[in-house]
$ cat coords.txt   # compact mmCIF, N, CA and C atoms
# COMPACT_ATOMS: atom_id res chain seq x y z
N MET A 1 117.24 61.80 -182.57
CA MET A 1 116.56 60.97 -181.58
C MET A 1 115.85 61.89 -180.60
N PRO A 2 114.57 61.69 -180.35
CA PRO A 2 113.82 62.54 -179.41
C PRO A 2 114.35 62.39 -177.99
N ILE A 3 114.20 63.45 -177.21
CA ILE A 3 114.60 63.41 -175.81
C ILE A 3 113.41 63.77 -174.93
N ASP A 4 113.46 63.32 -173.70
CA ASP A 4 112.43 63.64 -172.72
C ASP A 4 112.76 65.02 -172.14
N LEU A 5 111.93 66.02 -172.41
CA LEU A 5 112.21 67.38 -171.97
C LEU A 5 112.17 67.53 -170.46
N ASP A 6 111.41 66.68 -169.76
CA ASP A 6 111.34 66.78 -168.30
C ASP A 6 112.66 66.35 -167.65
N SER A 7 113.36 65.42 -168.25
CA SER A 7 114.58 64.93 -167.62
C SER A 7 115.84 65.44 -168.32
N HIS A 8 115.70 66.08 -169.46
CA HIS A 8 116.87 66.59 -170.19
C HIS A 8 117.42 67.82 -169.49
N ASN A 9 118.67 67.73 -169.06
CA ASN A 9 119.31 68.82 -168.33
C ASN A 9 120.19 69.61 -169.30
N ILE A 10 119.77 70.81 -169.63
CA ILE A 10 120.55 71.62 -170.55
C ILE A 10 121.52 72.49 -169.76
N SER A 11 122.64 72.79 -170.38
CA SER A 11 123.55 73.74 -169.74
C SER A 11 123.16 75.13 -170.22
N VAL A 12 123.46 76.11 -169.42
CA VAL A 12 123.08 77.47 -169.76
C VAL A 12 124.23 78.12 -170.52
N ASP A 13 123.95 78.47 -171.77
CA ASP A 13 124.94 79.13 -172.61
C ASP A 13 124.46 80.55 -172.88
N LEU A 14 124.49 81.36 -171.82
CA LEU A 14 124.03 82.74 -171.90
C LEU A 14 125.10 83.65 -171.31
N THR A 15 125.20 84.82 -171.87
CA THR A 15 126.12 85.83 -171.35
C THR A 15 125.30 86.98 -170.78
N PRO A 16 125.44 87.23 -169.49
CA PRO A 16 124.69 88.34 -168.88
C PRO A 16 124.91 89.64 -169.64
N GLY A 17 123.83 90.41 -169.76
CA GLY A 17 123.92 91.70 -170.45
C GLY A 17 123.65 91.63 -171.94
N THR A 18 123.48 90.43 -172.48
CA THR A 18 123.17 90.30 -173.90
C THR A 18 121.66 90.23 -174.09
N THR A 19 121.22 90.42 -175.32
CA THR A 19 119.79 90.36 -175.61
C THR A 19 119.22 88.99 -175.25
N ARG A 20 119.94 87.92 -175.59
CA ARG A 20 119.45 86.58 -175.27
C ARG A 20 119.26 86.41 -173.76
N SER A 21 120.22 86.86 -172.99
CA SER A 21 120.12 86.76 -171.54
C SER A 21 118.96 87.60 -171.03
N ASP A 22 118.84 88.81 -171.53
CA ASP A 22 117.74 89.69 -171.11
C ASP A 22 116.38 89.07 -171.43
N LEU A 23 116.29 88.39 -172.57
CA LEU A 23 115.04 87.73 -172.94
C LEU A 23 114.70 86.61 -171.97
N VAL A 24 115.68 85.80 -171.63
CA VAL A 24 115.45 84.71 -170.68
C VAL A 24 115.03 85.27 -169.33
N VAL A 25 115.74 86.30 -168.87
CA VAL A 25 115.40 86.90 -167.58
C VAL A 25 113.97 87.45 -167.62
N PHE A 26 113.62 88.14 -168.70
CA PHE A 26 112.27 88.70 -168.82
C PHE A 26 111.22 87.60 -168.81
N LEU A 27 111.37 86.60 -169.66
CA LEU A 27 110.35 85.55 -169.76
C LEU A 27 110.24 84.71 -168.49
N TYR A 28 111.38 84.40 -167.87
CA TYR A 28 111.33 83.56 -166.68
C TYR A 28 110.93 84.36 -165.44
N THR A 29 111.06 85.67 -165.50
CA THR A 29 110.56 86.52 -164.41
C THR A 29 109.05 86.67 -164.52
N HIS A 30 108.54 86.59 -165.74
CA HIS A 30 107.10 86.69 -166.00
C HIS A 30 106.59 85.34 -166.53
N SER A 31 106.92 84.29 -165.81
CA SER A 31 106.67 82.93 -166.31
C SER A 31 105.20 82.55 -166.37
N ASP A 32 104.33 83.39 -165.83
CA ASP A 32 102.90 83.08 -165.88
C ASP A 32 102.23 83.62 -167.14
N SER A 33 103.01 84.26 -168.02
CA SER A 33 102.44 84.86 -169.22
C SER A 33 103.26 84.54 -170.46
N GLY A 34 102.59 84.67 -171.59
CA GLY A 34 103.26 84.57 -172.89
C GLY A 34 103.23 85.92 -173.56
N PHE A 35 104.25 86.22 -174.34
CA PHE A 35 104.38 87.55 -174.94
C PHE A 35 104.71 87.46 -176.42
N THR A 36 104.20 88.41 -177.17
CA THR A 36 104.57 88.52 -178.58
C THR A 36 105.94 89.21 -178.66
N PRO A 37 106.65 89.04 -179.77
CA PRO A 37 107.92 89.74 -179.91
C PRO A 37 107.77 91.26 -179.74
N GLY A 38 106.68 91.82 -180.24
CA GLY A 38 106.46 93.25 -180.11
C GLY A 38 106.30 93.69 -178.67
N GLU A 39 105.58 92.90 -177.89
CA GLU A 39 105.40 93.23 -176.47
C GLU A 39 106.72 93.17 -175.72
N ILE A 40 107.52 92.18 -176.05
CA ILE A 40 108.83 92.03 -175.40
C ILE A 40 109.75 93.17 -175.82
N SER A 41 109.73 93.50 -177.09
CA SER A 41 110.55 94.60 -177.61
C SER A 41 110.22 95.89 -176.87
N GLN A 42 108.95 96.13 -176.69
CA GLN A 42 108.51 97.35 -176.01
C GLN A 42 108.90 97.31 -174.53
N ALA A 43 108.72 96.18 -173.88
CA ALA A 43 109.04 96.06 -172.45
C ALA A 43 110.53 96.23 -172.19
N LEU A 44 111.36 95.69 -173.07
CA LEU A 44 112.81 95.76 -172.87
C LEU A 44 113.44 96.97 -173.56
N ASP A 45 112.65 97.66 -174.37
CA ASP A 45 113.14 98.82 -175.12
C ASP A 45 114.36 98.43 -175.98
N VAL A 46 114.16 97.35 -176.74
CA VAL A 46 115.21 96.83 -177.61
C VAL A 46 114.63 96.72 -179.02
N ASN A 47 115.48 96.91 -180.01
CA ASN A 47 115.10 96.83 -181.41
C ASN A 47 114.33 95.53 -181.68
N PRO A 48 113.16 95.62 -182.34
CA PRO A 48 112.35 94.42 -182.60
C PRO A 48 113.09 93.32 -183.36
N LYS A 49 113.96 93.68 -184.28
CA LYS A 49 114.72 92.66 -185.05
C LYS A 49 115.63 91.86 -184.12
N LYS A 50 116.29 92.55 -183.17
CA LYS A 50 117.16 91.86 -182.21
C LYS A 50 116.33 90.92 -181.34
N ILE A 51 115.14 91.38 -180.96
CA ILE A 51 114.25 90.55 -180.13
C ILE A 51 113.83 89.31 -180.90
N GLU A 52 113.40 89.48 -182.14
CA GLU A 52 112.95 88.34 -182.94
C GLU A 52 114.08 87.34 -183.15
N THR A 53 115.27 87.83 -183.45
CA THR A 53 116.42 86.94 -183.65
C THR A 53 116.73 86.18 -182.37
N GLY A 54 116.74 86.89 -181.25
CA GLY A 54 117.02 86.25 -179.97
C GLY A 54 115.96 85.22 -179.59
N LEU A 55 114.71 85.55 -179.81
CA LEU A 55 113.62 84.62 -179.48
C LEU A 55 113.71 83.35 -180.32
N LEU A 56 113.95 83.51 -181.61
CA LEU A 56 114.08 82.34 -182.49
C LEU A 56 115.22 81.44 -182.02
N SER A 57 116.35 82.05 -181.70
CA SER A 57 117.51 81.29 -181.25
C SER A 57 117.21 80.56 -179.94
N LEU A 58 116.60 81.26 -179.00
CA LEU A 58 116.28 80.64 -177.71
C LEU A 58 115.24 79.53 -177.86
N HIS A 59 114.30 79.73 -178.74
CA HIS A 59 113.28 78.71 -178.99
C HIS A 59 113.91 77.47 -179.63
N GLU A 60 114.77 77.69 -180.59
CA GLU A 60 115.44 76.57 -181.27
C GLU A 60 116.31 75.76 -180.31
N THR A 61 116.92 76.42 -179.33
CA THR A 61 117.78 75.71 -178.38
C THR A 61 116.99 75.11 -177.22
N GLY A 62 115.69 75.36 -177.18
CA GLY A 62 114.85 74.77 -176.15
C GLY A 62 114.84 75.53 -174.84
N TYR A 63 115.29 76.77 -174.84
CA TYR A 63 115.30 77.58 -173.63
C TYR A 63 113.91 78.14 -173.32
N ILE A 64 113.13 78.40 -174.36
CA ILE A 64 111.81 79.00 -174.19
C ILE A 64 110.81 78.27 -175.08
N GLY A 65 109.54 78.45 -174.77
CA GLY A 65 108.49 77.86 -175.57
C GLY A 65 107.79 78.91 -176.41
N LYS A 66 106.99 78.41 -177.36
CA LYS A 66 106.23 79.31 -178.23
C LYS A 66 104.87 78.69 -178.49
N THR A 67 103.84 79.48 -178.30
CA THR A 67 102.49 78.99 -178.55
C THR A 67 102.20 79.04 -180.05
N PRO A 68 101.18 78.32 -180.51
CA PRO A 68 100.81 78.39 -181.93
C PRO A 68 100.42 79.81 -182.36
N SER A 69 100.00 80.63 -181.40
CA SER A 69 99.61 82.00 -181.73
C SER A 69 100.80 82.97 -181.75
N GLY A 70 102.02 82.44 -181.51
CA GLY A 70 103.22 83.28 -181.59
C GLY A 70 103.63 83.96 -180.30
N HIS A 71 103.12 83.48 -179.18
CA HIS A 71 103.50 84.04 -177.88
C HIS A 71 104.64 83.20 -177.28
N TYR A 72 105.71 83.88 -176.88
CA TYR A 72 106.86 83.20 -176.29
C TYR A 72 106.70 83.19 -174.78
N HIS A 73 107.21 82.11 -174.15
CA HIS A 73 107.02 81.94 -172.72
C HIS A 73 108.13 81.09 -172.12
N ALA A 74 108.24 81.19 -170.79
CA ALA A 74 109.18 80.36 -170.05
C ALA A 74 108.67 78.93 -170.04
N LEU A 75 109.57 78.00 -169.84
CA LEU A 75 109.21 76.59 -169.75
C LEU A 75 109.33 76.13 -168.30
N ALA A 76 108.27 75.57 -167.78
CA ALA A 76 108.25 75.14 -166.38
C ALA A 76 109.32 74.09 -166.09
N THR A 77 109.71 73.33 -167.09
CA THR A 77 110.66 72.23 -166.88
C THR A 77 112.12 72.68 -166.91
N ARG A 78 112.36 73.94 -167.08
CA ARG A 78 113.73 74.44 -167.20
C ARG A 78 114.20 75.07 -165.89
N GLU A 79 114.31 74.24 -164.86
CA GLU A 79 114.71 74.71 -163.54
C GLU A 79 116.06 75.42 -163.58
N ILE A 80 116.97 74.95 -164.40
CA ILE A 80 118.29 75.57 -164.48
C ILE A 80 118.19 77.02 -164.95
N LEU A 81 117.22 77.32 -165.81
CA LEU A 81 117.04 78.69 -166.28
C LEU A 81 116.41 79.57 -165.19
N TYR A 82 115.54 78.98 -164.38
CA TYR A 82 115.00 79.72 -163.23
C TYR A 82 116.14 80.07 -162.27
N ARG A 83 117.08 79.13 -162.07
CA ARG A 83 118.23 79.41 -161.20
C ARG A 83 119.12 80.49 -161.83
N TYR A 84 119.29 80.44 -163.15
CA TYR A 84 120.08 81.47 -163.84
C TYR A 84 119.46 82.85 -163.61
N VAL A 85 118.15 82.95 -163.78
CA VAL A 85 117.45 84.23 -163.59
C VAL A 85 117.60 84.69 -162.14
N SER A 86 117.47 83.78 -161.21
CA SER A 86 117.62 84.11 -159.80
C SER A 86 119.02 84.65 -159.52
N SER A 87 120.04 84.02 -160.10
CA SER A 87 121.41 84.49 -159.88
C SER A 87 121.60 85.87 -160.49
N GLN A 88 120.98 86.14 -161.64
CA GLN A 88 121.10 87.46 -162.27
C GLN A 88 120.43 88.52 -161.39
N GLU A 89 119.29 88.17 -160.81
CA GLU A 89 118.59 89.11 -159.94
C GLU A 89 119.41 89.38 -158.67
N GLN A 90 120.05 88.33 -158.13
CA GLN A 90 120.88 88.51 -156.94
C GLN A 90 122.08 89.41 -157.25
N LEU A 91 122.71 89.21 -158.41
CA LEU A 91 123.83 90.06 -158.81
C LEU A 91 123.38 91.51 -158.97
N LYS A 92 122.23 91.71 -159.57
CA LYS A 92 121.71 93.06 -159.75
C LYS A 92 121.50 93.74 -158.40
N ARG A 93 120.87 93.02 -157.46
CA ARG A 93 120.65 93.58 -156.12
C ARG A 93 121.97 93.88 -155.42
N MET A 94 122.96 92.99 -155.59
CA MET A 94 124.25 93.20 -154.96
C MET A 94 124.92 94.46 -155.51
N PHE A 95 124.93 94.64 -156.82
CA PHE A 95 125.55 95.81 -157.40
C PHE A 95 124.79 97.09 -157.06
N GLU A 96 123.46 97.00 -156.99
CA GLU A 96 122.68 98.18 -156.57
C GLU A 96 123.02 98.55 -155.13
N SER A 97 123.16 97.54 -154.27
CA SER A 97 123.51 97.78 -152.87
C SER A 97 124.90 98.40 -152.77
N MET A 98 125.84 97.89 -153.56
CA MET A 98 127.19 98.45 -153.55
C MET A 98 127.18 99.89 -154.04
N ALA A 99 126.38 100.18 -155.05
CA ALA A 99 126.29 101.54 -155.57
C ALA A 99 125.71 102.48 -154.52
N ARG A 100 124.68 102.00 -153.80
CA ARG A 100 124.10 102.82 -152.73
C ARG A 100 125.13 103.10 -151.64
N GLU A 101 125.91 102.06 -151.28
CA GLU A 101 126.95 102.25 -150.26
C GLU A 101 128.01 103.23 -150.74
N GLU A 102 128.41 103.12 -152.02
CA GLU A 102 129.38 104.05 -152.58
C GLU A 102 128.85 105.47 -152.54
N ASN A 103 127.59 105.64 -152.91
CA ASN A 103 126.98 106.97 -152.88
C ASN A 103 126.92 107.50 -151.45
N ALA A 104 126.62 106.61 -150.50
CA ALA A 104 126.57 107.02 -149.09
C ALA A 104 127.96 107.44 -148.64
N ASP A 105 128.99 106.68 -149.03
CA ASP A 105 130.36 107.04 -148.68
C ASP A 105 130.73 108.38 -149.28
N GLU A 106 130.35 108.61 -150.54
CA GLU A 106 130.64 109.89 -151.19
C GLU A 106 129.90 111.02 -150.48
N ASP A 107 128.66 110.76 -150.06
CA ASP A 107 127.90 111.77 -149.32
C ASP A 107 128.59 112.09 -148.00
N ASP A 108 129.08 111.04 -147.30
CA ASP A 108 129.79 111.26 -146.04
C ASP A 108 131.04 112.10 -146.27
N ILE A 109 131.78 111.79 -147.33
CA ILE A 109 132.99 112.55 -147.65
C ILE A 109 132.62 114.00 -147.97
N ASN A 110 131.59 114.18 -148.78
CA ASN A 110 131.17 115.54 -149.13
C ASN A 110 130.70 116.31 -147.90
N ASN A 111 129.94 115.64 -147.02
CA ASN A 111 129.48 116.30 -145.79
C ASN A 111 130.64 116.67 -144.89
N THR A 112 131.62 115.77 -144.78
CA THR A 112 132.79 116.04 -143.96
C THR A 112 133.58 117.21 -144.55
N ALA A 113 133.76 117.20 -145.87
CA ALA A 113 134.48 118.29 -146.53
C ALA A 113 133.75 119.61 -146.31
N GLN A 114 132.43 119.59 -146.40
CA GLN A 114 131.65 120.80 -146.19
C GLN A 114 131.79 121.28 -144.75
N LYS A 115 131.77 120.31 -143.81
CA LYS A 115 131.92 120.68 -142.40
C LYS A 115 133.29 121.28 -142.15
N ILE A 116 134.33 120.71 -142.72
CA ILE A 116 135.68 121.25 -142.56
C ILE A 116 135.74 122.66 -143.14
N THR A 117 135.13 122.82 -144.32
CA THR A 117 135.10 124.15 -144.94
C THR A 117 134.34 125.12 -144.05
N ASP A 118 133.19 124.70 -143.53
CA ASP A 118 132.40 125.54 -142.64
C ASP A 118 133.18 125.87 -141.37
N ASP A 119 133.85 124.86 -140.79
CA ASP A 119 134.64 125.07 -139.58
C ASP A 119 135.78 126.06 -139.84
N ALA A 120 136.43 125.92 -140.99
CA ALA A 120 137.53 126.83 -141.33
C ALA A 120 137.00 128.26 -141.50
N ALA A 121 135.85 128.40 -142.12
CA ALA A 121 135.26 129.73 -142.32
C ALA A 121 134.88 130.34 -140.97
N LEU A 122 134.32 129.53 -140.07
CA LEU A 122 133.97 130.02 -138.74
C LEU A 122 135.21 130.44 -137.97
N GLU A 123 136.24 129.62 -138.07
CA GLU A 123 137.50 129.94 -137.38
C GLU A 123 138.09 131.24 -137.91
N ALA A 124 138.07 131.44 -139.22
CA ALA A 124 138.58 132.67 -139.81
C ALA A 124 137.76 133.87 -139.36
N GLU A 125 136.45 133.72 -139.33
CA GLU A 125 135.58 134.81 -138.89
C GLU A 125 135.83 135.15 -137.43
N LEU A 126 136.00 134.11 -136.61
CA LEU A 126 136.29 134.31 -135.19
C LEU A 126 137.60 135.08 -135.00
N GLU A 127 138.62 134.66 -135.74
CA GLU A 127 139.92 135.36 -135.66
C GLU A 127 139.78 136.82 -136.08
N SER A 128 138.99 137.08 -137.12
CA SER A 128 138.77 138.44 -137.59
C SER A 128 138.06 139.28 -136.53
N LEU A 129 137.04 138.70 -135.89
CA LEU A 129 136.32 139.41 -134.84
C LEU A 129 137.22 139.68 -133.64
N GLU A 130 138.05 138.70 -133.28
CA GLU A 130 138.98 138.89 -132.17
C GLU A 130 139.96 140.01 -132.49
N ALA A 131 140.43 140.06 -133.72
CA ALA A 131 141.37 141.12 -134.12
C ALA A 131 140.69 142.48 -134.06
N GLU A 132 139.46 142.56 -134.51
CA GLU A 132 138.71 143.83 -134.45
C GLU A 132 138.53 144.27 -133.00
N LEU A 133 138.20 143.31 -132.14
CA LEU A 133 138.00 143.61 -130.73
C LEU A 133 139.29 144.12 -130.09
N GLU A 134 140.39 143.49 -130.40
CA GLU A 134 141.68 143.92 -129.86
C GLU A 134 142.01 145.34 -130.33
N ASN A 135 141.71 145.65 -131.62
CA ASN A 135 141.98 146.98 -132.15
C ASN A 135 141.12 148.03 -131.44
N GLU A 136 139.87 147.70 -131.16
CA GLU A 136 138.98 148.64 -130.48
C GLU A 136 139.42 148.84 -129.03
N LEU A 137 139.87 147.76 -128.39
CA LEU A 137 140.28 147.85 -126.99
C LEU A 137 141.72 148.38 -126.83
N GLY A 138 142.49 148.14 -127.81
CA GLY A 138 143.90 148.36 -127.66
C GLY A 138 144.47 149.60 -128.11
$ encode --input "coords.txt" --output "structure tokens"
Amino acid sequence: MPIDLDSHNISVDLTPGTTRSDLVVFLYTHSDSGFTPGEISQALDVNPKKIETGLLSLHETGYIGKTPSGHYHALATREILYRYVSSQEQLKRMFESMAREENADEDDINNTAQKITDDAALEAELESLEAELENELG
């Protein structure tokens, strides 16, 4: 039985980090264009066979569209997929931010360790100079 694509609400059956998910993110991020499997393969740096299999699967499930000329594209009526892509982008930004903070913390630790090492070296040199001075005076 045919369904109305404008009102049909599909659930998202995608796993982040998989080829299918990456394809949806790519197409819905570039929703103003259509792409051949080769162009997508090159853009994502993924094996063309995996891309073709993923595209066919996504097209069959109604997640993406395909032009008669073989260009795959996002579907304007799939708001839930736009939300999925948005959530993936937010997660990516969050993890990148956390990684930057971790690196900053590591840099602070390294700088502090270097300062302690430098302070200890200065203290040792000072003690050595004081001992030399005492020997010369004493």
$ axis_aligned_box --input "coords.txt" --around "stretch 10-29 of chain A" --padding-each-side "8 Å" --output "JSON"
{"center_x": 117.6, "center_y": 81.3, "center_z": -170.0, "size_x": 33.1, "size_y": 36.9, "size_z": 27.2}
$ atom_distance --input "coords.txt" --atom1 "atom CA of A:Pro48" --atom2 "atom CA of A:Gly17"
17.0 Å
$ closest_atom_pairs --input "coords.txt" --of "stretch 23-59 of chain A" --to "stretch 71-95 of chain A" --cutoff "5 Å" --atoms "only N, CA and C atoms" --output "tab-separated table"
residue	atom	partner	partner_atom	distance
A:Leu27	C	A:Ala74	N	4.7
A:Gly34	CA	A:Tyr72	C	4.2
A:Phe35	C	A:Tyr72	N	3.7
A:Thr36	N	A:His71	CA	4.5
$ write_last_selection --input "coords.txt" --atoms "N, CA and C atoms" --output "PDB file, keeping the file's coordinate frame"
ATOM      1  N   LEU A  27     111.370  86.600-169.660  1.00  0.00           N
ATOM      2  CA  LEU A  27     110.350  85.550-169.760  1.00  0.00           C
ATOM      3  C   LEU A  27     110.240  84.710-168.490  1.00  0.00           C
ATOM      4  N   GLY A  34     102.590  84.670-171.590  1.00  0.00           N
ATOM      5  CA  GLY A  34     103.260  84.570-172.890  1.00  0.00           C
ATOM      6  C   GLY A  34     103.230  85.920-173.560  1.00  0.00           C
ATOM      7  N   PHE A  35     104.250  86.220-174.340  1.00  0.00           N
ATOM      8  CA  PHE A  35     104.380  87.550-174.940  1.00  0.00           C
ATOM      9  C   PHE A  35     104.710  87.460-176.420  1.00  0.00           C
ATOM     10  N   THR A  36     104.200  88.410-177.170  1.00  0.00           N
ATOM     11  CA  THR A  36     104.570  88.520-178.580  1.00  0.00           C
ATOM     12  C   THR A  36     105.940  89.210-178.660  1.00  0.00           C
TER      13      THR A  36
END
$ select_by_dssp --input "coords.txt" --residues "stretch 10-135 of chain A" --states "strand (DSSP E)" --output "PyMOL selection string"
chain A and resi 64-66+72-74
$ atom_distance --input "coords.txt" --atom1 "atom CA of A:Glu102" --atom2 "atom CA of A:Asp118"
23.9 Å
$ atom_distance --input "coords.txt" --atom1 "atom CA of A:Pro37" --atom2 "atom N of A:Val12"
23.2 Å
$ select_by_dssp --input "coords.txt" --residues "stretch 2-137 of chain A" --states "alpha helix (DSSP H)" --output "PyMOL selection string"
chain A and resi 19-29+37-44+48-60+79-137
$ decode --input "coords.txt" --residues "stretch 64-99 of chain A" --atoms "C-alpha atoms" --output "mmCIF file, in the first residue's frame"
data_model
loop_
_atom_site.group_PDB
_atom_site.id
_atom_site.type_symbol
_atom_site.label_atom_id
_atom_site.label_comp_id
_atom_site.auth_asym_id
_atom_site.auth_seq_id
_atom_site.Cartn_x
_atom_site.Cartn_y
_atom_site.Cartn_z
ATOM 1 C CA ILE A 64 17.822 9.179 0.641
ATOM 2 C CA GLY A 65 16.721 9.927 -2.890
ATOM 3 C CA LYS A 66 18.248 9.079 -6.241
ATOM 4 C CA THR A 67 17.937 10.963 -9.491
ATOM 5 C CA PRO A 68 17.434 9.149 -12.818
ATOM 6 C CA SER A 69 21.038 10.076 -13.629
ATOM 7 C CA GLY A 70 22.304 8.147 -10.572
ATOM 8 C CA HIS A 71 22.968 11.038 -8.197
ATOM 9 C CA TYR A 72 22.085 10.394 -4.548
ATOM 10 C CA HIS A 73 20.724 13.195 -2.389
ATOM 11 C CA ALA A 74 19.074 14.107 0.887
ATOM 12 C CA LEU A 75 15.296 14.249 1.018
ATOM 13 C CA ALA A 76 13.753 17.526 2.149
ATOM 14 C CA THR A 77 10.861 15.666 3.787
ATOM 15 C CA ARG A 78 13.079 13.692 6.156
ATOM 16 C CA GLU A 79 13.249 16.132 9.063
ATOM 17 C CA ILE A 80 14.134 13.321 11.465
ATOM 18 C CA LEU A 81 17.302 12.642 9.459
ATOM 19 C CA TYR A 82 18.247 16.324 9.554
ATOM 20 C CA ARG A 83 17.877 16.124 13.358
ATOM 21 C CA TYR A 84 20.012 12.947 13.389
ATOM 22 C CA VAL A 85 22.764 14.723 11.429
ATOM 23 C CA SER A 86 22.542 17.727 13.738
ATOM 24 C CA SER A 87 22.923 15.495 16.798
ATOM 25 C CA GLN A 88 25.950 13.787 15.221
ATOM 26 C CA GLU A 89 27.546 17.166 14.536
ATOM 27 C CA GLN A 90 26.864 18.289 18.120
ATOM 28 C CA LEU A 91 28.461 15.106 19.485
ATOM 29 C CA LYS A 92 31.488 15.616 17.257
ATOM 30 C CA ARG A 93 31.909 19.208 18.482
ATOM 31 C CA MET A 94 31.488 18.081 22.089
ATOM 32 C CA PHE A 95 34.171 15.392 21.793
ATOM 33 C CA GLU A 96 36.510 17.775 19.964
ATOM 34 C CA SER A 97 36.014 20.313 22.758
ATOM 35 C CA MET A 98 36.697 17.658 25.392
ATOM 36 C CA ALA A 99 39.849 16.591 23.541
#
